[in-house]
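Coordinates as given in upload.txt (compact mmCIF, C-alpha atoms):
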```txt
# COMPACT_ATOMS: atom_id res chain seq x y z
CA MET A 1 -12.20 48.12 -28.12
CA ALA A 2 -8.76 47.87 -26.51
CA LYS A 3 -10.29 47.73 -23.03
CA LYS A 4 -12.46 44.71 -23.88
CA GLU A 5 -9.48 42.83 -25.29
CA ALA A 6 -7.46 43.56 -22.13
CA ARG A 7 -10.29 42.19 -19.97
CA LYS A 8 -10.39 38.97 -21.96
CA GLU A 9 -6.67 38.45 -21.46
CA THR A 10 -6.93 38.80 -17.68
CA LYS A 11 -9.83 36.34 -17.41
CA GLU A 12 -7.90 33.60 -19.21
CA THR A 13 -5.15 33.41 -16.60
CA THR A 14 -5.64 30.70 -14.00
CA VAL A 15 -4.49 30.80 -10.41
CA VAL A 16 -2.60 27.77 -9.13
CA PRO A 17 -2.54 27.43 -5.32
CA ARG A 18 0.97 27.75 -3.92
CA HIS A 19 0.49 25.32 -1.05
CA ALA A 20 -1.22 22.54 -2.99
CA ALA A 21 0.08 19.11 -2.04
CA GLU A 22 0.40 16.46 -4.72
CA ILE A 23 -3.14 15.09 -4.74
CA PRO A 24 -3.70 11.99 -6.88
CA PRO A 25 -6.76 11.79 -9.15
CA LEU A 26 -9.77 11.22 -6.91
CA LYS A 27 -13.27 9.92 -7.63
CA PRO A 28 -16.39 9.57 -5.47
CA GLY A 29 -16.37 6.19 -3.76
CA ASP A 30 -12.59 6.11 -3.26
CA THR A 31 -11.38 5.31 0.25
CA VAL A 32 -8.65 7.80 1.08
CA ALA A 33 -6.33 8.65 3.94
CA VAL A 34 -5.86 12.41 4.18
CA HIS A 35 -2.82 13.44 6.21
CA VAL A 36 -3.74 16.77 7.84
CA ARG A 37 -1.26 19.15 9.48
CA ILE A 38 -2.48 20.29 12.90
CA VAL A 39 -0.80 23.17 14.74
CA GLU A 40 -1.18 23.30 18.51
CA GLY A 41 0.68 26.23 20.00
CA ASP A 42 4.24 26.00 18.67
CA LYS A 43 4.01 22.27 17.87
CA GLU A 44 2.90 20.78 14.56
CA ARG A 45 1.74 17.21 14.03
CA VAL A 46 0.08 15.19 11.27
CA GLN A 47 -3.25 13.48 11.85
CA VAL A 48 -4.77 10.96 9.43
CA PHE A 49 -8.45 11.24 8.46
CA GLN A 50 -9.49 8.06 6.61
CA GLY A 51 -12.86 7.66 4.96
CA THR A 52 -14.87 7.52 1.74
CA ILE A 53 -15.15 10.42 -0.70
CA ILE A 54 -18.86 11.22 -1.00
CA GLN A 55 -18.57 14.26 -3.27
CA ILE A 56 -16.20 16.39 -5.32
CA ARG A 57 -17.37 19.89 -6.11
CA GLY A 58 -16.15 23.07 -7.73
CA ALA A 59 -13.68 23.87 -10.47
CA ALA A 60 -9.93 24.50 -10.67
CA PRO A 61 -8.86 26.89 -7.86
CA ASN A 62 -11.94 26.44 -5.64
CA ARG A 63 -12.27 22.67 -5.93
CA SER A 64 -12.95 20.61 -2.79
CA PHE A 65 -13.78 17.05 -1.78
CA THR A 66 -15.82 15.70 1.14
CA VAL A 67 -14.65 12.66 3.09
CA ARG A 68 -16.99 10.69 5.37
CA LYS A 69 -16.04 8.24 8.07
CA VAL A 70 -17.89 6.58 10.94
CA SER A 71 -16.18 6.84 14.31
CA ARG A 72 -17.69 5.23 17.42
CA GLY A 73 -21.09 5.07 15.77
CA TYR A 74 -21.18 8.71 14.66
CA GLY A 75 -20.78 9.78 11.03
CA ILE A 76 -18.17 12.49 10.56
CA GLU A 77 -17.77 14.44 7.32
CA ARG A 78 -14.95 16.80 6.57
CA ILE A 79 -14.49 19.08 3.56
CA PHE A 80 -10.97 19.51 2.21
CA PRO A 81 -10.12 22.25 -0.32
CA TYR A 82 -7.66 20.97 -2.95
CA GLY A 83 -5.22 23.86 -2.41
CA SER A 84 -5.26 23.77 1.38
CA PRO A 85 -1.85 24.11 3.06
CA ALA A 86 -3.22 21.91 5.87
CA ILE A 87 -3.14 18.82 3.62
CA ALA A 88 0.25 17.11 3.87
CA LYS A 89 -0.56 14.07 1.73
CA VAL A 90 -3.50 12.13 0.28
CA GLU A 91 -3.31 8.34 -0.17
CA VAL A 92 -5.89 6.38 -2.15
CA LYS A 93 -6.44 3.09 -0.29
CA ARG A 94 -9.03 1.56 -2.64
CA HIS A 95 -11.37 2.50 -5.46
CA GLY A 96 -15.07 1.98 -4.82
CA LYS A 97 -17.47 0.85 -7.53
CA VAL A 98 -20.16 3.55 -7.76
CA ARG A 99 -22.51 4.80 -10.46
CA ARG A 100 -23.17 8.36 -9.30
CA ALA A 101 -21.24 11.50 -8.48
CA LYS A 102 -22.78 12.36 -5.09
CA LEU A 103 -22.98 9.54 -2.54
CA TYR A 104 -25.33 11.18 -0.06
CA TYR A 105 -27.22 7.91 0.32
CA LEU A 106 -24.33 6.61 2.47
CA ARG A 107 -25.44 8.99 5.25
CA GLY A 108 -28.47 6.82 5.95
CA LYS A 109 -26.54 3.56 6.01
CA SER A 110 -24.37 1.99 8.69
CA GLY A 111 -22.08 -0.98 9.09
CA ARG A 112 -21.94 -3.40 6.16
CA GLU A 113 -24.63 -1.44 4.28
CA ALA A 114 -22.25 1.51 3.95
CA MET A 115 -19.48 -0.62 2.40
CA LEU A 116 -18.85 -0.12 -1.31
CA LYS A 117 -17.68 -2.89 -3.61
CA GLU A 118 -14.12 -2.51 -4.80
CA HIS A 119 -13.59 -1.48 -8.40
CA LYS A 120 -11.37 -4.08 -10.09
CA GLU A 121 -9.48 -2.85 -13.13
CA GLN A 122 -10.06 -4.99 -16.21
CA PRO A 123 -6.87 -6.20 -17.90
CA SER A 124 -6.38 -4.57 -21.28
CA GLU A 125 -6.52 -6.70 -24.44
CA GLY A 126 -2.75 -6.65 -24.89
CA GLN A 127 -2.08 -8.25 -21.50
CA PRO A 128 -2.63 -11.99 -20.98
CA ARG A 129 -5.01 -13.18 -18.28
CA PRO A 130 -3.49 -14.73 -15.15
CA GLU A 131 -5.17 -18.12 -15.94
CA ALA A 132 -3.64 -18.20 -19.44
CA VAL A 133 -0.14 -17.59 -18.06
CA ALA A 134 -0.40 -20.52 -15.61
CA GLU A 135 -1.00 -23.06 -18.40
```
Whole structure given in structure tokens:
Amino acid sequence: MAKKEARKETKETTVVPRHAAEIPPLKPGDTVAVHVRIVEGDKERVQVFQGTIIQIRGAAPNRSFTVRKVSRGYGIERIFPYGSPAIAKVEVKRHGKVRRAKLYYLRGKSGREAMLKEHKEQPSEGQPRPEAVAE
């Protein structure tokens, strides 16, 4: 019996990645700028990859998100693990209004078709509307 209890205790511990950058809460449809560290020889630089999150998959330590952008007419998708030491910073530029978790349908669209409407936050009931303040 003691062995089974010991196994349960070890399974409950969670591993937190050491190199994880501060990543804000992300949702599919968000337009993000991911600052990626790139090492070339003995030099290190930061390159920005800006696009739309089309999926978030996995759980705690193995979680990752996929960002899609269109560059010179070609769609480019890149998968970023949450705990990757290569991620220097993630900025959320805008929140897209979407109704599903996986946005694979964006792969078949181009130009204006691939644009997502921006999600506007509704003012809470305690805050006055901007029109009411102007009066």
Counting only C-alpha atoms, which residue out of A:Gly41, A:Gly51, A:Gly111, A:Pro25 sits closest to A:Tyr82?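 Distance minimum relative to A:Tyr82 lands on A:Pro25.
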Which value, in Å to one decimal, gives the distance between atom CA of A:Gly58 and atom CA of A:Phe80?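 Atom-to-atom, atom CA of A:Gly58 to atom CA of A:Phe80, that is 11.8 Å.
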Counting only C-alpha atoms, which of A:Met115, A:Val39, A:Val32, A:Ile54 gets nearest to A:Val92?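 Checking each candidate against A:Val92, we get A:Val32 as the closest.
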Nearest to A:Arg99: which of A:Ile79, A:Ile56, A:Val48, A:Leu116 is it, counting all atoms listed in the file?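 Comparing A:Ile79, A:Ile56, A:Val48, A:Leu116 against A:Arg99, the winner is A:Leu116.
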Can you tell me which residues surround stretch 63-66 of chain A at a distance of at most 12 Å, considering only C-alpha atoms, apart from same-chain residues fewer than 5 positions away, and format the answer as a PyMOL selection string? chain A and resi 16-17+20+23+25-32+34+49-58+76-84+87+90+101-104
Report, in Å to a single decimal, how far apart atom CA of A:Leu106 and atom CA of A:Ala60 are.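 Separation of atom CA of A:Ala60 and atom CA of A:Leu106: 26.5 Å.
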Looking at all atoms listed in the file, which of A:Lys89, A:Lys97, A:His119, A:Lys109 is the one that sits closest to A:Pro24?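 Using all atoms listed in the file, A:Pro24 sits closest to A:Lys89.
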Atom CA of A:Glu22 to atom CA of A:Ile38, straight-line distance in Å: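 So the two atoms, atom CA of A:Ile38 and atom CA of A:Glu22, lie 18.3 Å apart.
When only C-alpha atoms are used to compute distances to A:His95, the closest of the residues A:Glu113, A:Gly75, A:Gly108, A:Glu121 turns out to be A:Glu121.
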Adding 5 Å on each side of the box along x, y and z that holds all listed atoms of stretch 105-121 of chain A, could you give its centre and edge lengths in Å to one decimal, as JSON?
```
{"center_x": -19.0, "center_y": 2.5, "center_z": -2.0, "size_x": 29.0, "size_y": 23.1, "size_z": 32.2}
```
